Structure formats: C-alpha cells, structure tokens
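Peer 1: I am sharing structure.cif, which consists of mmCIF, C-alpha atoms:
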```
data_input
#
loop_
_atom_site.label_atom_id
_atom_site.label_comp_id
_atom_site.auth_asym_id
_atom_site.auth_seq_id
_atom_site.Cartn_x
_atom_site.Cartn_y
_atom_site.Cartn_z
CA MET K 1 -16.68 19.43 44.72
CA LYS K 2 -15.16 19.32 48.17
CA LEU K 3 -15.56 21.74 51.08
CA ARG K 4 -15.34 21.92 54.86
CA ILE K 5 -18.10 23.78 56.73
CA HIS K 6 -18.65 24.68 60.39
CA LYS K 7 -21.66 22.89 61.86
CA GLU K 8 -23.36 26.18 62.83
CA ALA K 9 -22.84 27.71 59.37
CA ILE K 10 -24.46 24.84 57.45
CA GLN K 11 -27.17 24.41 60.09
CA ASN K 12 -28.18 28.09 59.95
CA ALA K 13 -28.09 28.17 56.15
CA LEU K 14 -30.24 25.04 55.83
CA GLN K 15 -32.63 26.29 58.52
CA SER K 16 -33.33 29.38 56.40
CA ILE K 17 -34.54 27.29 53.42
CA GLN K 18 -36.62 24.64 55.19
CA GLY K 19 -39.84 26.61 54.59
CA ILE K 20 -39.05 27.00 50.89
CA VAL K 21 -37.98 23.52 49.80
CA ASP K 22 -41.03 21.48 48.88
CA ARG K 23 -40.97 18.04 50.55
CA LYS K 24 -44.34 16.85 49.18
CA THR K 25 -43.68 17.78 45.58
CA THR K 26 -44.04 15.51 42.55
CA MET K 27 -40.82 17.16 41.29
CA PRO K 28 -37.97 15.63 43.35
CA ILE K 29 -35.62 18.51 42.46
CA LEU K 30 -37.74 20.91 44.54
CA SER K 31 -36.91 19.01 47.73
CA HIS K 32 -33.22 19.67 47.01
CA PHE K 33 -31.08 22.77 47.25
CA LEU K 34 -28.31 23.65 44.83
CA LEU K 35 -24.85 23.95 46.36
CA LYS K 36 -22.48 25.78 44.01
CA VAL K 37 -18.79 26.04 44.79
CA ASP K 38 -16.30 28.15 42.83
CA LYS K 39 -14.34 30.99 44.44
CA ALA K 40 -17.02 31.04 47.12
CA ALA K 41 -19.86 28.70 48.13
CA SER K 42 -23.54 29.56 47.71
CA LEU K 43 -26.85 27.77 48.07
CA MET K 44 -30.16 28.15 46.25
CA ALA K 45 -33.62 26.78 47.03
CA THR K 46 -36.97 27.22 45.31
CA ASP K 47 -40.53 25.90 45.16
CA LEU K 48 -41.01 27.67 41.77
CA ASP K 49 -42.93 30.51 43.45
CA ILE K 50 -40.37 31.58 46.06
CA ALA K 51 -36.60 31.33 45.77
CA LEU K 52 -33.73 32.10 48.12
CA LYS K 53 -30.10 32.51 47.16
CA GLY K 54 -27.37 33.19 49.70
CA PRO K 55 -23.70 32.68 50.54
CA LEU K 56 -22.32 29.77 52.55
CA GLU K 57 -19.20 30.32 54.60
CA ALA K 58 -16.88 27.37 53.94
CA GLU K 59 -13.29 26.27 53.34
CA ILE K 60 -13.21 25.40 49.64
CA LEU K 61 -11.07 22.44 48.68
CA GLU K 62 -12.49 21.63 45.22
CA GLN K 63 -14.97 23.47 43.00
CA GLY K 64 -18.20 22.01 41.63
CA GLY K 65 -21.95 21.91 42.13
CA LEU K 66 -24.67 19.47 43.17
CA CYS K 67 -28.34 19.37 44.20
CA ILE K 68 -28.58 17.91 47.71
CA PRO K 69 -31.65 16.71 49.68
CA ALA K 70 -32.30 19.70 51.96
CA ARG K 71 -34.16 18.01 54.79
CA LYS K 72 -31.74 15.08 55.20
CA LEU K 73 -28.59 17.23 55.22
CA PHE K 74 -30.25 19.56 57.72
CA GLU K 75 -31.01 16.60 60.01
CA ILE K 76 -27.41 15.36 59.68
CA ALA K 77 -25.98 18.83 60.45
CA ARG K 78 -28.22 19.10 63.49
CA GLU K 79 -27.15 15.76 64.97
CA VAL K 80 -23.39 15.60 64.31
CA GLU K 81 -21.05 17.20 66.82
CA GLY K 82 -18.20 18.56 64.67
CA ASP K 83 -17.58 20.34 61.39
CA LEU K 84 -18.75 18.72 58.16
CA LEU K 85 -16.70 17.67 55.14
CA LEU K 86 -18.78 17.46 51.94
CA GLU K 87 -17.35 15.57 48.95
CA SER K 88 -19.16 14.90 45.68
CA GLN K 89 -18.85 11.33 44.35
CA GLU K 90 -19.65 9.66 41.04
CA ASN K 91 -23.24 9.53 39.78
CA ASN K 92 -24.30 12.58 41.86
CA TRP K 93 -23.71 11.02 45.26
CA ILE K 94 -22.36 13.17 48.06
CA LYS K 95 -20.32 11.95 51.02
CA VAL K 96 -20.74 13.78 54.33
CA THR K 97 -18.14 13.21 57.04
CA SER K 98 -18.09 14.57 60.58
CA GLY K 99 -15.77 13.05 63.19
CA LYS K 100 -16.32 9.31 63.02
CA SER K 101 -19.71 9.66 61.32
CA THR K 102 -20.06 9.13 57.57
CA PHE K 103 -23.20 9.56 55.46
CA LYS K 104 -23.85 9.14 51.76
CA LEU K 105 -26.74 10.96 50.10
CA MET K 106 -28.04 10.58 46.58
CA GLY K 107 -28.08 13.99 44.91
CA LEU K 108 -29.18 15.29 41.53
CA PRO K 109 -27.13 17.05 38.83
CA GLN K 110 -26.93 20.84 39.15
CA GLU K 111 -28.19 21.18 35.57
CA ASP K 112 -31.61 19.91 36.74
CA PHE K 113 -32.10 22.84 39.14
CA PRO K 114 -34.71 25.35 37.89
CA ALA K 115 -33.38 28.69 36.63
CA LEU K 116 -34.15 31.50 39.08
CA PRO K 117 -35.59 34.82 37.87
CA GLU K 118 -33.04 37.62 37.60
CA VAL K 119 -33.49 41.29 38.44
CA SER K 120 -33.77 43.10 35.11
CA LYS K 121 -35.31 46.57 34.70
CA ALA K 122 -36.78 46.55 38.17
CA GLU K 123 -37.51 49.70 40.15
CA GLU K 124 -35.59 49.91 43.42
CA ILE K 125 -36.79 50.94 46.91
CA GLY K 126 -34.96 50.77 50.25
CA VAL K 127 -36.66 50.08 53.58
CA LYS K 128 -35.29 49.39 57.06
CA ALA K 129 -35.41 45.69 57.96
CA GLU K 130 -37.05 46.45 61.31
CA THR K 131 -39.77 48.56 59.62
CA LEU K 132 -40.52 45.86 57.03
CA ARG K 133 -40.73 43.15 59.68
CA ASP K 134 -43.12 45.30 61.74
CA MET K 135 -45.35 45.94 58.71
CA ILE K 136 -45.61 42.22 57.96
CA GLU K 137 -46.33 41.36 61.60
CA LYS K 138 -49.13 43.95 61.79
CA THR K 139 -50.93 42.71 58.66
CA ILE K 140 -50.19 39.05 57.89
CA TYR K 141 -52.59 37.64 60.52
CA ALA K 142 -55.52 39.16 58.60
CA THR K 143 -54.76 37.43 55.28
CA GLY K 144 -56.86 34.55 54.00
CA GLU K 145 -56.05 30.86 54.48
CA SER K 146 -56.46 29.03 51.14
CA ASP K 147 -59.31 31.38 50.28
CA THR K 148 -61.03 30.70 46.95
CA ARG K 149 -60.66 34.45 46.35
CA TYR K 150 -56.99 33.80 45.74
CA THR K 151 -55.97 37.48 45.87
CA LEU K 152 -56.84 37.46 49.60
CA ASN K 153 -54.16 34.80 50.21
CA GLY K 154 -51.48 37.47 50.15
CA LEU K 155 -50.53 40.94 51.30
CA LEU K 156 -51.20 43.96 49.13
CA LEU K 157 -48.20 46.26 48.71
CA HIS K 158 -49.52 49.62 47.55
CA PHE K 159 -46.80 52.07 46.46
CA ILE K 160 -47.96 55.67 45.96
CA PRO K 161 -45.49 58.27 44.62
CA ARG K 162 -45.69 61.58 46.51
CA LYS K 163 -43.89 64.88 45.88
CA LYS K 164 -41.06 64.25 48.33
CA ASN K 165 -41.24 60.51 49.06
CA ILE K 166 -43.09 57.24 48.46
CA GLU K 167 -46.08 56.25 50.59
CA VAL K 168 -46.20 52.50 51.11
CA LYS K 169 -49.28 50.72 52.42
CA MET K 170 -49.33 47.05 53.37
CA VAL K 171 -52.79 45.48 53.58
CA GLY K 172 -54.13 42.12 54.75
CA THR K 173 -57.77 40.98 54.70
CA ASP K 174 -59.80 37.77 54.68
CA GLY K 175 -63.16 39.46 54.18
CA HIS K 176 -64.01 39.44 57.92
CA ARG K 177 -61.23 41.76 59.08
CA LEU K 178 -58.75 44.14 57.54
CA SER K 179 -55.40 45.53 58.61
CA VAL K 180 -53.53 48.43 56.97
CA ILE K 181 -50.21 49.99 57.89
CA ALA K 182 -48.81 53.01 56.06
CA ILE K 183 -45.29 54.46 56.08
CA ALA K 184 -43.34 57.03 54.07
CA LEU K 185 -40.07 56.05 52.39
CA GLU K 186 -37.37 58.15 50.78
CA GLY K 187 -37.04 57.75 47.03
CA THR K 188 -38.97 58.15 43.80
CA LEU K 189 -41.21 55.88 41.79
CA SER K 190 -42.33 56.19 38.17
CA GLU K 191 -45.98 55.36 38.90
CA GLU K 192 -48.42 54.00 41.47
CA LYS K 193 -48.08 50.24 41.90
CA LYS K 194 -50.23 47.56 43.54
CA LEU K 195 -48.58 44.17 44.07
CA ILE K 196 -49.90 41.08 45.86
CA LEU K 197 -47.20 39.23 47.80
CA PRO K 198 -48.10 35.59 48.64
CA LYS K 199 -48.53 34.87 52.34
CA LYS K 200 -45.83 32.19 52.31
CA ALA K 201 -43.32 34.62 50.80
CA ALA K 202 -44.18 37.25 53.42
CA MET K 203 -43.66 34.70 56.21
CA GLU K 204 -40.30 33.61 54.77
CA LEU K 205 -39.24 37.25 54.42
CA LYS K 206 -40.20 38.00 58.03
CA LYS K 207 -38.21 34.98 59.19
CA LEU K 208 -35.21 36.03 57.09
CA ILE K 209 -35.03 39.58 58.49
CA GLU K 210 -35.87 38.69 62.11
CA GLY K 211 -33.44 40.53 64.38
CA MET K 212 -31.64 42.05 61.41
CA SER K 213 -30.62 45.69 61.20
CA GLY K 214 -29.76 47.63 58.07
CA THR K 215 -31.71 48.12 54.87
CA VAL K 216 -33.66 45.69 52.71
CA THR K 217 -33.66 46.65 49.03
CA LEU K 218 -36.86 45.90 47.08
CA PHE K 219 -36.70 45.43 43.32
CA ILE K 220 -40.14 45.55 41.70
CA ASP K 221 -40.50 43.71 38.40
CA ARG K 222 -43.53 42.89 36.31
CA ASN K 223 -44.22 39.40 37.72
CA HIS K 224 -41.74 39.17 40.59
CA ILE K 225 -40.50 41.09 43.59
CA PHE K 226 -36.95 40.73 44.92
CA PHE K 227 -35.79 41.42 48.48
CA ARG K 228 -32.04 41.80 48.93
CA THR K 229 -30.34 42.02 52.30
CA ASP K 230 -26.56 41.70 52.68
CA ASP K 231 -25.70 38.90 50.21
CA ILE K 232 -29.07 37.12 50.42
CA MET K 233 -31.75 37.48 47.74
CA LEU K 234 -35.34 36.32 48.32
CA THR K 235 -37.47 36.24 45.18
CA SER K 236 -41.24 35.80 44.99
CA ARG K 237 -43.68 35.46 42.17
CA LEU K 238 -46.57 37.92 42.59
CA ILE K 239 -50.22 36.84 42.79
CA GLU K 240 -52.06 37.93 39.66
CA GLY K 241 -55.47 39.54 39.98
CA THR K 242 -57.19 42.58 41.43
CA TYR K 243 -57.12 43.16 45.18
CA PRO K 244 -60.38 44.45 46.77
CA ASN K 245 -60.69 48.22 47.24
CA TYR K 246 -59.56 48.22 50.86
CA GLU K 247 -60.10 51.96 51.30
CA GLN K 248 -63.87 51.52 50.79
CA VAL K 249 -64.00 49.07 53.71
CA ILE K 250 -62.58 51.51 56.27
CA PRO K 251 -65.54 53.27 57.97
CA LYS K 252 -65.36 57.06 57.95
CA ASN K 253 -68.26 58.06 60.22
CA ASN K 254 -67.98 55.87 63.31
CA GLU K 255 -68.87 58.32 66.10
CA LYS K 256 -68.98 56.12 69.22
CA THR K 257 -65.47 55.91 70.70
CA VAL K 258 -64.20 53.56 73.40
CA ILE K 259 -60.66 53.87 74.76
CA VAL K 260 -59.33 51.05 76.90
CA ASP K 261 -56.00 49.93 78.37
CA LYS K 262 -54.60 47.49 75.83
CA THR K 263 -52.98 45.01 78.24
CA ALA K 264 -56.03 44.82 80.53
CA PHE K 265 -58.29 44.39 77.49
CA LEU K 266 -56.10 41.64 76.04
CA LYS K 267 -55.98 39.64 79.28
CA ALA K 268 -59.71 40.01 79.98
CA LEU K 269 -60.64 38.95 76.44
CA ARG K 270 -58.35 35.92 76.61
CA ARG K 271 -59.99 34.81 79.85
CA THR K 272 -63.52 35.40 78.60
CA SER K 273 -62.93 33.61 75.29
CA ILE K 274 -62.04 30.39 77.15
CA MET K 275 -65.77 29.70 77.47
CA SER K 276 -66.75 30.67 73.92
CA ARG K 277 -67.78 28.18 71.29
CA GLU K 278 -64.70 26.83 69.50
CA ARG K 279 -66.11 27.32 66.02
CA THR K 280 -67.19 30.95 66.38
CA ASN K 281 -65.10 32.23 69.33
CA ALA K 282 -68.01 34.60 69.94
CA VAL K 283 -67.72 37.12 72.79
CA ARG K 284 -70.37 39.76 73.53
CA PHE K 285 -69.32 43.31 74.36
CA ASP K 286 -71.81 45.27 76.49
CA LEU K 287 -70.77 48.94 76.37
CA GLU K 288 -72.01 51.48 78.89
CA ALA K 289 -70.61 54.64 80.46
CA GLY K 290 -67.16 54.01 81.92
CA LYS K 291 -66.94 50.25 81.30
CA ILE K 292 -67.16 47.25 78.95
CA THR K 293 -68.63 43.94 80.09
CA LEU K 294 -67.29 40.93 78.17
CA ILE K 295 -69.58 37.88 78.09
CA SER K 296 -69.20 34.47 76.47
CA MET K 297 -71.71 31.63 76.68
CA ASN K 298 -71.52 27.99 75.66
CA PRO K 299 -74.60 25.89 76.47
CA ASP K 300 -72.47 22.73 76.67
CA ILE K 301 -69.87 24.15 79.07
CA GLY K 302 -70.98 27.32 80.82
CA GLU K 303 -70.29 31.02 80.63
CA ALA K 304 -67.73 33.71 81.48
CA ARG K 305 -68.21 37.36 82.33
CA GLU K 306 -65.66 40.11 83.03
CA GLU K 307 -65.89 43.86 83.46
CA ILE K 308 -63.10 46.29 82.51
CA ALA K 309 -62.84 50.07 82.85
CA ALA K 310 -63.12 52.09 79.64
CA GLN K 311 -63.43 55.68 78.51
CA TYR K 312 -66.91 55.68 76.97
CA LYS K 313 -69.69 58.25 77.26
CA GLY K 314 -72.12 57.06 74.59
CA GLU K 315 -75.41 55.20 74.83
CA GLN K 316 -75.54 51.56 75.87
CA LEU K 317 -74.56 49.26 73.00
CA THR K 318 -74.20 45.49 72.59
CA VAL K 319 -71.85 44.13 69.92
CA GLY K 320 -70.56 40.62 69.24
CA TYR K 321 -67.12 39.72 67.86
CA ASN K 322 -65.01 36.73 67.02
CA ALA K 323 -62.62 37.08 69.97
CA ARG K 324 -59.70 35.69 68.00
CA TYR K 325 -59.93 38.57 65.51
CA ILE K 326 -59.67 41.16 68.29
CA LEU K 327 -56.90 39.22 70.08
CA ASP K 328 -54.83 39.03 66.88
CA ILE K 329 -54.97 42.82 66.59
CA LEU K 330 -54.18 43.51 70.25
CA SER K 331 -51.22 41.10 70.13
CA VAL K 332 -49.39 43.13 67.47
CA MET K 333 -50.63 46.64 68.20
CA GLY K 334 -48.11 48.91 69.90
CA GLY K 335 -48.81 51.48 72.59
CA GLU K 336 -50.59 51.29 75.94
CA ALA K 337 -54.16 52.07 74.82
CA VAL K 338 -56.48 50.96 72.04
CA SER K 339 -59.35 52.95 70.59
CA MET K 340 -62.50 51.29 69.20
CA LYS K 341 -64.77 53.35 66.97
CA LEU K 342 -68.28 51.97 66.43
CA GLN K 343 -71.57 52.96 64.85
CA GLU K 344 -74.23 50.22 64.72
CA PRO K 345 -74.05 46.71 66.24
CA LEU K 346 -73.49 45.11 62.81
CA SER K 347 -71.48 47.83 61.06
CA PRO K 348 -67.66 47.58 60.74
CA THR K 349 -65.67 48.49 63.86
CA LEU K 350 -62.45 50.49 63.64
CA LEU K 351 -59.55 49.69 65.99
CA LEU K 352 -56.76 52.25 66.26
CA SER K 353 -53.67 52.88 68.32
CA PRO K 354 -53.43 56.52 69.48
CA GLU K 355 -49.64 56.08 69.40
CA ASN K 356 -49.40 54.75 65.83
CA GLU K 357 -51.37 56.89 63.40
CA GLY K 358 -50.35 54.83 60.37
CA TYR K 359 -51.96 51.61 61.64
CA THR K 360 -55.67 50.91 61.01
CA CYS K 361 -57.68 47.74 61.71
CA VAL K 362 -61.28 46.92 60.82
CA VAL K 363 -63.36 44.02 62.20
CA MET K 364 -66.83 42.91 61.16
CA PRO K 365 -69.08 42.22 64.18
CA MET K 366 -71.17 39.08 64.64
CA ARG K 367 -74.83 38.71 65.50
CA THR K 368 -75.26 38.40 69.27
#
```
Could you show the structure in this file as structure tokens?

Peer 2:
Amino acid sequence: MKLRIHKEAIQNALQSIQGIVDRKTTMPILSHFLLKVDKAASLMATDLDIALKGPLEAEILEQGGLCIPARKLFEIAREVEGDLLLESQENNWIKVTSGKSTFKLMGLPQEDFPALPEVSKAEEIGVKAETLRDMIEKTIYATGESDTRYTLNGLLLHFIPRKKNIEVKMVGTDGHRLSVIAIALEGTLSEEKKLILPKKAAMELKKLIEGMSGTVTLFIDRNHIFFRTDDIMLTSRLIEGTYPNYEQVIPKNNEKTVIVDKTAFLKALRRTSIMSRERTNAVRFDLEAGKITLISMNPDIGEAREEIAAQYKGEQLTVGYNARYILDILSVMGGEAVSMKLQEPLSPTLLLSPENEGYTCVVMPMRT
C-alpha cells in the first residue's frame, strides 16, 4: 500500500473519526482506523456501537490495506507542514513521510478490523441536513448522562406514517425536562416506528453534517440505523428498550401564560444564576402583572435579583427552576419571544416558541 495525501485531506478525514475511535479500549483494534486502498482510498472507524465509513482523496501509488493508530496519525498530520506519503512496510508497520520528517507507526492487519453492519432490507427516508442538525440541537441537551434508565441516554426517533407524508418526532428527556420537535417529511413508511439513537451517535451525526447542505438518507433496520450523506455512511446500533411515554408528560391544561423577550430573558437569567448554588442552580421566579422578578440566593456568597418586563395578567405566582434547564432551552430556541405556560408551582411548565409550532419543551419546577 502506498499513497500520497494532501495534509488538509487526511487531517479533515481523521478529525471526523476522533470521537468514534476508542482510545481507552481493551481491544487495541478499536483505537485504529482501517485504510483501504484499491481504485480509490477509504477509511473506516468503529467503537462497535457507532461506525463511520468515508472516502479519502489521495494519489494512489500501490493498493493494499492496513489498520493505523488514529490518534497518532492525526497528531502527525496536524504538525507536519507538507503533504504526506504513506507506505506500508513488513509486519504491519507503516512509514509516514512529509518533507524531511519521517515517522514509523506499528499498525494491525486489516483482517483484524471488525466487520461493519450492512444496509439490508432497511426502509429509506430522506431529510435535509440542516433540518436534521436543528432537530438534534433542539433535543440533545435534554438527554440523560449515564442514566441508569439507559433508554434516557439517547434520543427517541418516532416515525408516524400519515396519509400524505411521514411525521417525525425527535425527543430528549432526563426525567427532569423534556424536549420534542416534530416535522413532516415526504415519503411513505410501512408502519409506525420508535427508535432510540444513542447520544454519542447523535453528537457524531450533528458534527458530521455541520454546515452541510443537501439531503441525508436514513435507512432504518431492525437493530441499526444508517445515515448516508454524499459518500459517507454513519452507522449506529440502536438502544434496546422502551422509551417513556413522552406525550403523557406534556401538560395540556396550563392556563397561566407568560410571554417574554427571549434575549432579555436569557441575559437576565444568566446574570441571576451567577449567585445560585452550584449544585442546584436554583433561581426563583416571582410572577406578577407585567413583570417577572428573578431571584437567586446563596447563604455562603450572597444574592442576585433582576426584574424583566413580561406579558402576564394572572395572579401572583412563585416558582423555582434549575436555571441551567431554562438556559439550555433558550439557547437553542428560535424566534424573538418565548412563552411559558404554568399551572401550579410544582406542576410541569411548558415552554414554547410562538414562531416554531413544532417545538415543545417541558421543565419540572423545584421547591422554592
């Protein structure tokens, strides 16, 4: 195997797999990527749950294949100043030359690389890259972090066949907050499907399609989901189990409505939360006609108080929230205003954007 690659080409390709290759694994092969060279060059990386396969633009001098340490070659590509010449040597070594710099890395035989799942009788759906990225951004912050309820450590993809299209809902929740975004896609589907995409896979997908235009094609299989864009294929194993009934969590009868300027709200809440306790991030919301007063208190440090204008005509109400939960929502919500719908101080609060009807957020209040 012998090929010449532009520095930027190899650097960008290796950057895209750094989140997938497993550097702390007990299986050394998972910290390597497979470089295959025949008529064209391609690379593959996997951690056994997520896999990425894509082309590598290169001048091919000799065909072959080898598993190469992903992190080390990435560091080399980042530091050298010219194009790279990669040559396989005996006993799975690879020689990397750039200008007057020469490196030798110990690789592994390509036969050791795990077989990647292939698309078989999967159902196919197309979605714009920009739409998919927006859906992930608006829901992923609400997913669990190593939650023992393992189904919460991923995003629910709920596909509902309609008469003229497919309704797709993406849902994230950690039990304290919930985020749902719904869109309609062209196409048909044989039946309703609920899939749980691991958080890591969703993050890698978002990174892959960042700034990309065009369509991402989804292939839905029994245990895997495939995302194809251009010549790149990202594969993810699905989380097994039953996702909570998210529709039951969304309150239907919240009658008290507060409408506030989103940017002013975001800035005021950031300032107020500076003085909140680190563990709880608790901020008190005092609602009264025409305004919200935000208050945070920390006996060890002090307190903060800020008043912002709001459209509210209901009775006085005091509610406490984890400020970070509200800030996460405001940071990704589009539009200039945000609407909060409340009922009782400890009942779920609904946050909506008047300019995006398909986006719904729910936050559980805290005791004040």

Peer 1: Segment 139-148 of chain K: which residues within 7 Å, counting only C-alpha atoms, same-chain residues fewer than 2 positions away excluded, as an MDAnalysis selection string?

Peer 2: chainID K and resid 135:137 150 152:155 171:174 177:180 328

Peer 1: Would you mind reading off the distance between atom CA of Cys67 of chain K and atom CA of Leu205 of chain K, one decimal, in Å?

Peer 2: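 These atoms are spaced 23.3 Å apart.
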
Peer 1: Just checking: using only C-alpha atoms, which residue out of K:Gly187, K:Pro251, K:Gly107, K:Gly99 ends up closest to Thr217 of chain K?

Peer 2: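 Comparing K:Gly187, K:Pro251, K:Gly107, K:Gly99 against Thr217 of chain K, the winner is K:Gly187.
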
Peer 1: One decimal, in Å: what's the spacing between atom CA of Ala323 of chain K and atom CA of Val168 of chain K?

Peer 2: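 Computed distance, atom CA of Ala323 of chain K to atom CA of Val168 of chain K, equals 29.4 Å.
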
Peer 1: What residues come out when you apply the PyMOL selection byres ((chain K and resi 38) around 12) to this file, written as JSON, numbers by chain?

Peer 2: {"K": [1, 2, 3, 35, 36, 37, 39, 40, 41, 42, 43, 55, 56, 58, 59, 60, 61, 62, 63, 64, 65]}

Peer 1: Determine the nearest neighbour of Gly54 of chain K from the options K:Gln110, K:Thr360, K:Thr131, K:Thr229, counting only C-alpha atoms.

Peer 2: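 Closest to Gly54 of chain K of all the choices is K:Thr229.
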
Peer 1: Give me the residues within 10 Å of Gly19 of chain K as a ChimeraX atom specification, counting only C-alpha atoms and dropping any in the same chain fewer than 6 places off.

Peer 2: /K:45-47,50,200-201,203-204,207

Peer 1: Nearest residue to Ala282 of chain K out of K:Ala182, K:Ile301, K:Arg367, K:Leu238, using all atoms listed in the file?

Peer 2: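 With all atoms listed in the file as the atom set, the closest residue is K:Arg367.
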
Peer 1: Give me, please, the distance in Å between atom CA of Val21 of chain K and atom CA of Asp49 of chain K, quoted to one decimal.

Peer 2: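 Answer for the atom CA of Val21 of chain K to atom CA of Asp49 of chain K separation: 10.7 Å.
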
Peer 1: Can you tell me which residues surround Phe74 of chain K at a distance of at most 10 Å, considering all atoms listed in the file, apart from same-chain residues fewer than 4 positions away, and format the answer as a list in words?

Peer 2: Ile10, Gln11, Asn12, Ala13, Leu14, Gln15, Ile17, Gln18, Pro69, Ala70, Arg78 and Glu79 of chain K

Peer 1: Would you please work out which residue, of K:Gln343, K:Gly211, K:Lys24, K:Met333, is nearest to Lys262 of chain K when using only C-alpha atoms?

Peer 2: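 Between K:Gln343, K:Gly211, K:Lys24, K:Met333, the residue approaching Lys262 of chain K most closely is K:Met333.
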
Peer 1: For Met340 of chain K, please output as an MDAnalysis selection string all residues within 7 Å (counting only C-alpha atoms; exclusion window: fewer than 6 positions along the same chain).

Peer 2: chainID K and resid 257:259 349:352

Peer 1: With C-alpha atoms retained, export the selected residues as a CSV table (one decimal), in the frame of the given file.

Peer 2:
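Below you can see result.csv, which holds the result:
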```csv
chain,number,residue,atom,x,y,z
K,257,THR,CA,-65.5,55.9,70.7
K,258,VAL,CA,-64.2,53.6,73.4
K,259,ILE,CA,-60.7,53.9,74.8
K,349,THR,CA,-65.7,48.5,63.9
K,350,LEU,CA,-62.4,50.5,63.6
K,351,LEU,CA,-59.6,49.7,66.0
K,352,LEU,CA,-56.8,52.2,66.3
```

Peer 1: Selected by the PyMOL selection byres ((chain K and resi 260) around 9) in the shown coordinates: which residues, as a PyMOL selection string?

Peer 2: chain K and resi 258-259+261-265+291-292+308-312+336-340

Peer 1: Find the spatial neighbours of Asp230 of chain K, counting only C-alpha atoms, within a cut-off of 12 Å - ignore same-chain residues fewer than 4 positions away - and output them as a PyMOL selection string.

Peer 2: chain K and resi 53-55+129+208-209+212-217+234

Peer 1: Closest to Lys169 of chain K among K:Asp112, K:Leu132, K:Arg305, K:Gln89, using all atoms listed in the file?

Peer 2: K:Leu132

Peer 1: For this file, the PyMOL selection byres ((chain K and resi 320) around 7) selects which residues, as number ranges by chain?

Peer 2: K: 282-285, 318-319, 321, 365-368

Peer 1: Measuring between only C-alpha atoms, which one of K:Pro109, K:Gly314, K:Pro348, K:Pro114 shows the shortest distance to His176 of chain K?

Peer 2: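 Closest to His176 of chain K of all the choices is K:Pro348.
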
Peer 1: Can I get C-alpha atoms for segment 304-342 of chain K, as an mmCIF file, in the first residue's frame?

Peer 2:
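Written file, part.cif:
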```
data_model
loop_
_atom_site.group_PDB
_atom_site.id
_atom_site.type_symbol
_atom_site.label_atom_id
_atom_site.label_comp_id
_atom_site.auth_asym_id
_atom_site.auth_seq_id
_atom_site.Cartn_x
_atom_site.Cartn_y
_atom_site.Cartn_z
ATOM 1 C CA ALA K 304 -28.958 38.412 42.975
ATOM 2 C CA ARG K 305 -32.233 39.969 41.900
ATOM 3 C CA GLU K 306 -33.379 41.217 38.488
ATOM 4 C CA GLU K 307 -36.697 42.386 37.097
ATOM 5 C CA ILE K 308 -37.746 41.960 33.449
ATOM 6 C CA ALA K 309 -40.887 43.052 31.599
ATOM 7 C CA ALA K 310 -43.345 40.297 30.662
ATOM 8 C CA GLN K 311 -46.834 39.900 29.262
ATOM 9 C CA TYR K 312 -48.650 38.368 32.223
ATOM 10 C CA LYS K 313 -52.101 39.133 33.616
ATOM 11 C CA GLY K 314 -52.609 36.255 36.050
ATOM 12 C CA GLU K 315 -52.403 36.099 39.832
ATOM 13 C CA GLN K 316 -49.083 36.392 41.639
ATOM 14 C CA LEU K 317 -47.130 33.132 41.487
ATOM 15 C CA THR K 318 -43.735 31.983 42.770
ATOM 16 C CA VAL K 319 -41.958 29.115 41.002
ATOM 17 C CA GLY K 320 -38.412 27.768 41.311
ATOM 18 C CA TYR K 321 -36.333 26.261 38.497
ATOM 19 C CA ASN K 322 -32.910 24.862 37.833
ATOM 20 C CA ALA K 323 -31.628 27.848 35.830
ATOM 21 C CA ARG K 324 -29.453 25.665 33.625
ATOM 22 C CA TYR K 325 -32.513 23.790 32.343
ATOM 23 C CA ILE K 326 -34.183 27.036 31.242
ATOM 24 C CA LEU K 327 -30.935 28.431 29.788
ATOM 25 C CA ASP K 328 -30.401 25.278 27.706
ATOM 26 C CA ILE K 329 -33.841 25.743 26.148
ATOM 27 C CA LEU K 330 -33.454 29.472 25.496
ATOM 28 C CA SER K 331 -30.036 28.899 23.888
ATOM 29 C CA VAL K 332 -31.464 26.712 21.111
ATOM 30 C CA MET K 333 -34.970 28.120 20.754
ATOM 31 C CA GLY K 334 -35.537 30.257 17.673
ATOM 32 C CA GLY K 335 -37.639 33.400 17.444
ATOM 33 C CA GLU K 336 -37.687 36.627 19.440
ATOM 34 C CA ALA K 337 -40.163 35.649 22.179
ATOM 35 C CA VAL K 338 -40.715 32.690 24.478
ATOM 36 C CA SER K 339 -43.990 31.641 26.036
ATOM 37 C CA MET K 340 -44.183 29.919 29.440
ATOM 38 C CA LYS K 341 -47.394 28.123 30.359
ATOM 39 C CA LEU K 342 -47.846 27.281 34.047
#
```
